[in-house]
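Visitor: Here's a structure for you.
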Amino acid sequence: MSMNVKKKLNLSNLSTTMSLRDMIDLRKSSGVYAHMLKDNRKKLDIHNHIASLPFGYNQLNFSFQEMKDISMHCQIKPSLGVFPDEIYHEYLNRFMDNIDRYYHKIFLCNSGSESNELAIKLATIKHGKKNFPNYNSHDEFLLKKNMGKLVSDANVISFMGGFHGRYLGSLSTTHSKTVHKKYVPAFSNWPILNYPLEKEEEPEVLQRFEKLCSDSNTAACIIEPIQCESGDRRASDYFYRNLRAIASNYDVTFIVDEVQTGFGATGKFWAHKYWNLNTPPDIITFGKKSRTCGLLFNTQHSILESHQLFNTWCGSGIDLIIGNHIASKINENLLKGVRENSKKFKKRFEEEIKEKYFNFRSRGYIIAFDCESTDARNKLVEELYQKDVIVNSCGEKSIRLRPSYNFTLDHFEIFLEKLKETI
Ligand SMILES: Cc1ncc(COP(=O)(O)O)c(C=O)c1O
């Protein structure tokens, strides 16, 4: 490693996340390959910045107009909740056309955690309004001191193994690694249900879910279509369909966290489309591949007073323009390719990999398999890195693959060859 590179990598110690692995040269990175600084080599990237890069490196070809509009938003970041500009409105409309016109409202955020935090907040506001539509100035006086009936003690149901973020509210619905939760206050009365991976477990969970929903204190439930951080664990479509139906019956807000699964990752634009729901989710949260994060919500949740969902910027015009560009490229043809390639890769994996790596599972480009142990998994991540392949770990002993949409069957073959070398 040259002195220059060493210096650059030392600079990265400024970061407080304690999680840095290497530095990328973005100018030299292209398509599905990242150019890494430590060993000055191109690596096949199937990590993709924690599943957030839909088209790999340097593949977005913005139009002249988009570039002009992005640069306008470099000059000023408008306070979109108060003085939105015309450019923003134009793109917001196109964005809604591209992602889901069913939803009545959208609020843009800067992270998946924030999106979930606000989805939970919105659900509890709806719940509180229903229970306490009338209040007086004394109630408001008490509220300033976090007291009185306007302080919600509503419950939000979540599922063991779920991951919805690291902020103060969303963290109480996160039950993957403990490191995120250590020493942080929690809503400890919020119910946590078992996440059923076997058919036989479903009736009991659904029964418990119904009992909780029938409690007038329950405002919402939040769930991922696939528990990604916990190891790509997926309950059945039947289970989700029933969950949604029960939540509807009791007017409990059904929040679907599509931060990792949305924007085509599973081979459908939204993963919840696999469930064939009679009633769509009340709120969908999104992030990662969409560049701009946010939440979509239905008419029943459009009950806010001014400034209840609010911050200085209310998202970012630049991220919206980029997010819209990305959304416009995710068409049925691309999704079909994701579904078909995924199936072909599964077949090839099962043909080629007969020992050491198990339990291959996939839905579109959400792909994972298991190693024998946590240590073996961690070793494999490092070994593959030395072989110029970047993958991420998840769950106890799983490897997750998050190919970008320009990942072809040839790239899958390259990966398989490298994986076979580690056996
Ligand atoms: C399903 C899910 N929800 C929420 C989040 C949190 O998103 P962010 O890290 O952008 O806050 C993640 C991140 O991995 C996620 O996978």
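Letters A, B, ... go to the chains of the structure tokens in the order shown; residues in each chain start at 1; ligands are counted from 1 in the same order.
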Identify all residues of segment 51-200 of chain A in strand (DSSP E) (DSSP on the backbone) and supply them as a PyMOL selection string.
Guide: chain A and resi 105-109+155-159+192-193
Visitor: Using only C-alpha atoms and all ligand atoms, determine which residues fall within 6 Å of ligand 1, then list them as a PDB file with N, CA and C atoms, in the first residue's frame.
Guide:
```
ATOM      1  N   SER A 111     -33.392   8.956   5.722  1.00  0.00           N
ATOM      2  CA  SER A 111     -32.903   7.602   6.034  1.00  0.00           C
ATOM      3  C   SER A 111     -34.102   6.683   6.231  1.00  0.00           C
ATOM      4  N   GLY A 112     -33.812   5.380   6.168  1.00  0.00           N
ATOM      5  CA  GLY A 112     -34.866   4.396   6.398  1.00  0.00           C
ATOM      6  C   GLY A 112     -35.378   4.489   7.825  1.00  0.00           C
ATOM      7  N   SER A 113     -34.450   4.685   8.772  1.00  0.00           N
ATOM      8  CA  SER A 113     -34.848   4.793  10.184  1.00  0.00           C
ATOM      9  C   SER A 113     -35.832   5.941  10.373  1.00  0.00           C
ATOM     10  N   PHE A 163     -35.972  -5.605  11.722  1.00  0.00           N
ATOM     11  CA  PHE A 163     -35.041  -4.465  11.772  1.00  0.00           C
ATOM     12  C   PHE A 163     -35.719  -3.275  11.114  1.00  0.00           C
ATOM     13  N   HIS A 164     -35.913  -2.215  11.892  1.00  0.00           N
ATOM     14  CA  HIS A 164     -36.584  -1.042  11.325  1.00  0.00           C
ATOM     15  C   HIS A 164     -35.801   0.240  11.567  1.00  0.00           C
ATOM     16  N   GLY A 165     -34.565   0.109  12.046  1.00  0.00           N
ATOM     17  CA  GLY A 165     -33.746   1.300  12.190  1.00  0.00           C
ATOM     18  C   GLY A 165     -33.171   1.453  13.572  1.00  0.00           C
ATOM     19  N   GLU A 224     -41.375  -6.253   8.071  1.00  0.00           N
ATOM     20  CA  GLU A 224     -40.646  -6.302   6.789  1.00  0.00           C
ATOM     21  C   GLU A 224     -41.186  -7.464   5.957  1.00  0.00           C
ATOM     22  N   ASP A 257     -42.461  -2.164   5.973  1.00  0.00           N
ATOM     23  CA  ASP A 257     -41.136  -1.560   5.825  1.00  0.00           C
ATOM     24  C   ASP A 257     -40.461  -2.165   4.590  1.00  0.00           C
ATOM     25  N   VAL A 259     -37.874  -0.743   3.062  1.00  0.00           N
ATOM     26  CA  VAL A 259     -36.604  -0.030   2.906  1.00  0.00           C
ATOM     27  C   VAL A 259     -35.578  -0.887   2.142  1.00  0.00           C
ATOM     28  N   GLN A 260     -35.527  -2.174   2.448  1.00  0.00           N
ATOM     29  CA  GLN A 260     -34.539  -3.025   1.757  1.00  0.00           C
ATOM     30  C   GLN A 260     -35.161  -3.815   0.596  1.00  0.00           C
TER      31      GLN A 260
END
```
Visitor: So which residues touch Lys149 of chain A within 9 Å, counting only C-alpha atoms, skipping near sequence neighbours fewer than 4 positions away, as a ChimeraX atom specification?
Guide: /A:128,132,135,139,142-143,153
Visitor: With only C-alpha atoms as the atoms that count, which of A:Cys394, A:Thr218, A:Lys129, A:Asn93 lies nearest to Glu305 of chain A?
Guide: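 Closest residue, counting only C-alpha atoms: A:Lys129.
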Visitor: Out of A:Glu210, A:Asp25, A:Glu340, A:Asp39, which residue has the shortest atom-to-atom distance to Ser362 of chain A when counting only C-alpha atoms?
Guide: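 Checking each candidate against Ser362 of chain A, we get A:Glu340 as the closest.
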Visitor: Pick from A:Leu380, A:Ile50, A:Leu296, A:Leu335: nearest to Ser398 of chain A, with only C-alpha atoms counted?
Guide: A:Leu380
Visitor: Closest to Asn278 of chain A among A:Asn4, A:Asn359, A:Thr292, A:Ser248, using only C-alpha atoms?
Guide: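 Comparing A:Asn4, A:Asn359, A:Thr292, A:Ser248 against Asn278 of chain A, the winner is A:Ser248.
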Visitor: Fewer than 5 positions away in the same chain doesn't count, so skip those; otherwise give me all residues within 12 Å of Tyr167 of chain A, counting only C-alpha atoms, as a list of chain:residue names.
Guide: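 Surrounding residues, per the criterion: A:Ser111, A:Gly112, A:Ser113, A:Glu114, A:Ser115, A:Asn116, A:Glu117, A:Leu118, A:Ile120, A:Ser172, A:Thr173, A:Thr174, A:His180, A:Lys181, A:Val184, A:Pro185, A:Ala186.
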Visitor: So that I have them on file, write out the residues from the current selection with C-alpha atoms, as a compact mmCIF listing (two decimals), in the first residue's frame.
Guide:
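Result file out01.txt:
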```txt
# COMPACT_ATOMS: atom_id res chain seq x y z
CA SER A 111 -32.90 7.60 6.03
CA GLY A 112 -34.87 4.40 6.40
CA SER A 113 -34.85 4.79 10.18
CA GLU A 114 -36.38 8.24 9.88
CA SER A 115 -39.05 6.93 7.52
CA ASN A 116 -40.07 4.23 10.01
CA GLU A 117 -39.87 6.64 12.91
CA LEU A 118 -42.34 8.92 11.15
CA ILE A 120 -44.92 5.02 13.68
CA SER A 172 -37.96 -0.24 19.90
CA THR A 173 -39.31 -2.21 16.93
CA THR A 174 -35.84 -3.50 15.97
CA HIS A 180 -27.92 -1.01 18.40
CA LYS A 181 -30.03 -1.07 21.55
CA VAL A 184 -30.79 3.35 24.87
CA PRO A 185 -34.30 4.02 26.25
CA ALA A 186 -37.02 1.79 24.84
```
Visitor: If you count only C-alpha atoms, which residues fall within 9 Å of Leu320 of chain A, apart from same-chain ones fewer than 3 positions away, as a VMD selection string?
Guide: chain A and resid 88 91 to 92 95 108 290 to 293 315 to 317 323 to 325
Visitor: The selected residues should be written to file as a PDB file, in the first residue's frame (atoms: N, CA and C atoms).
Guide:
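Done, and the output landed in selection-v7.pdb:
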```pdb
ATOM      1  N   TYR A  88     -39.199  20.762  -7.726  1.00  0.00           N
ATOM      2  CA  TYR A  88     -39.492  19.702  -6.767  1.00  0.00           C
ATOM      3  C   TYR A  88     -40.882  19.136  -7.012  1.00  0.00           C
ATOM      4  N   TYR A  91     -41.111  16.896 -10.092  1.00  0.00           N
ATOM      5  CA  TYR A  91     -40.500  15.580  -9.908  1.00  0.00           C
ATOM      6  C   TYR A  91     -41.299  14.725  -8.924  1.00  0.00           C
ATOM      7  N   LEU A  92     -41.894  15.401  -7.938  1.00  0.00           N
ATOM      8  CA  LEU A  92     -42.662  14.631  -6.950  1.00  0.00           C
ATOM      9  C   LEU A  92     -43.848  13.947  -7.636  1.00  0.00           C
ATOM     10  N   PHE A  95     -42.562  11.130  -9.690  1.00  0.00           N
ATOM     11  CA  PHE A  95     -42.123  10.066  -8.769  1.00  0.00           C
ATOM     12  C   PHE A  95     -43.324   9.229  -8.341  1.00  0.00           C
ATOM     13  N   LEU A 108     -41.037  12.785   2.342  1.00  0.00           N
ATOM     14  CA  LEU A 108     -39.673  12.346   2.036  1.00  0.00           C
ATOM     15  C   LEU A 108     -38.756  12.495   3.254  1.00  0.00           C
ATOM     16  N   SER A 290     -33.961   3.599  -3.490  1.00  0.00           N
ATOM     17  CA  SER A 290     -34.782   4.716  -3.967  1.00  0.00           C
ATOM     18  C   SER A 290     -34.061   6.052  -3.833  1.00  0.00           C
ATOM     19  N   ARG A 291     -32.882   6.039  -3.285  1.00  0.00           N
ATOM     20  CA  ARG A 291     -32.061   7.223  -2.990  1.00  0.00           C
ATOM     21  C   ARG A 291     -32.771   8.181  -2.023  1.00  0.00           C
ATOM     22  N   THR A 292     -33.904   8.755  -2.410  1.00  0.00           N
ATOM     23  CA  THR A 292     -34.650   9.493  -1.406  1.00  0.00           C
ATOM     24  C   THR A 292     -35.400   8.464  -0.563  1.00  0.00           C
ATOM     25  N   CYS A 293     -35.418   8.664   0.738  1.00  0.00           N
ATOM     26  CA  CYS A 293     -36.212   7.761   1.592  1.00  0.00           C
ATOM     27  C   CYS A 293     -37.567   8.425   1.837  1.00  0.00           C
ATOM     28  N   GLY A 315     -36.913  16.289   3.326  1.00  0.00           N
ATOM     29  CA  GLY A 315     -36.319  15.511   2.227  1.00  0.00           C
ATOM     30  C   GLY A 315     -35.325  16.354   1.457  1.00  0.00           C
ATOM     31  N   SER A 316     -34.988  15.906   0.268  1.00  0.00           N
ATOM     32  CA  SER A 316     -33.996  16.623  -0.532  1.00  0.00           C
ATOM     33  C   SER A 316     -34.394  16.566  -1.998  1.00  0.00           C
ATOM     34  N   GLY A 317     -34.424  17.757  -2.623  1.00  0.00           N
ATOM     35  CA  GLY A 317     -34.779  17.829  -4.044  1.00  0.00           C
ATOM     36  C   GLY A 317     -33.824  17.004  -4.897  1.00  0.00           C
ATOM     37  N   GLY A 323     -33.887   9.782  -7.336  1.00  0.00           N
ATOM     38  CA  GLY A 323     -34.823   8.688  -7.029  1.00  0.00           C
ATOM     39  C   GLY A 323     -35.836   8.505  -8.145  1.00  0.00           C
ATOM     40  N   ASN A 324     -36.291   9.605  -8.712  1.00  0.00           N
ATOM     41  CA  ASN A 324     -37.264   9.511  -9.807  1.00  0.00           C
ATOM     42  C   ASN A 324     -36.618   8.897 -11.048  1.00  0.00           C
ATOM     43  N   HIS A 325     -35.367   9.290 -11.307  1.00  0.00           N
ATOM     44  CA  HIS A 325     -34.637   8.726 -12.444  1.00  0.00           C
ATOM     45  C   HIS A 325     -34.530   7.202 -12.281  1.00  0.00           C
TER      46      HIS A 325
END
```
Visitor: Considering only C-alpha atoms, return as a PyMOL selection string whatever protein or nucleic-acid residues lie within 7 Å of Gln227 of chain A, sequence-local ones (same chain, fewer than 4 positions apart) excluded.
Guide: chain A and resi 161-162+231-234
Visitor: Can you tell me, as a PyMOL selection string, what residues are no more than 7 Å from segment 279-281 of chain A when counting only C-alpha atoms, ignoring any on the same chain fewer than 5 positions away?
Guide: chain A and resi 254-256
Visitor: Which value, in Å to one decimal, gives the distance between atom CA of Asp215 of chain A and atom CA of Val252 of chain A?
Guide: 9.9 Å
Visitor: As a PyMOL selection string, list the residues of segment 168-355 of chain A assigned to alpha helix (DSSP H) by DSSP on the backbone atoms of this structure.
Guide: chain A and resi 202-213+237-249+317-329+332-352
Visitor: Which residue gives the smallest distance to Leu416 of chain A among A:Arg361, A:Lys42, A:His127, A:Lys347, with only C-alpha atoms counted?
Guide: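 Selected residue with least distance to Leu416 of chain A: A:Lys347.
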Visitor: If you measure from atom CA of Leu171 of chain A to atom CA of Ser188 of chain A, what distance in Å do you get, rounded to one decimal?
Guide: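 Distance reported for this atom pair: 10.8 Å.
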Visitor: Point out the residue among A:Tyr274, A:Gly264, A:Asn155, A:Phe269 with the least atom-to-atom distance to Asp237 of chain A, counting only C-alpha atoms.
Guide: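 Under the stated criterion, the closest residue is A:Tyr274.
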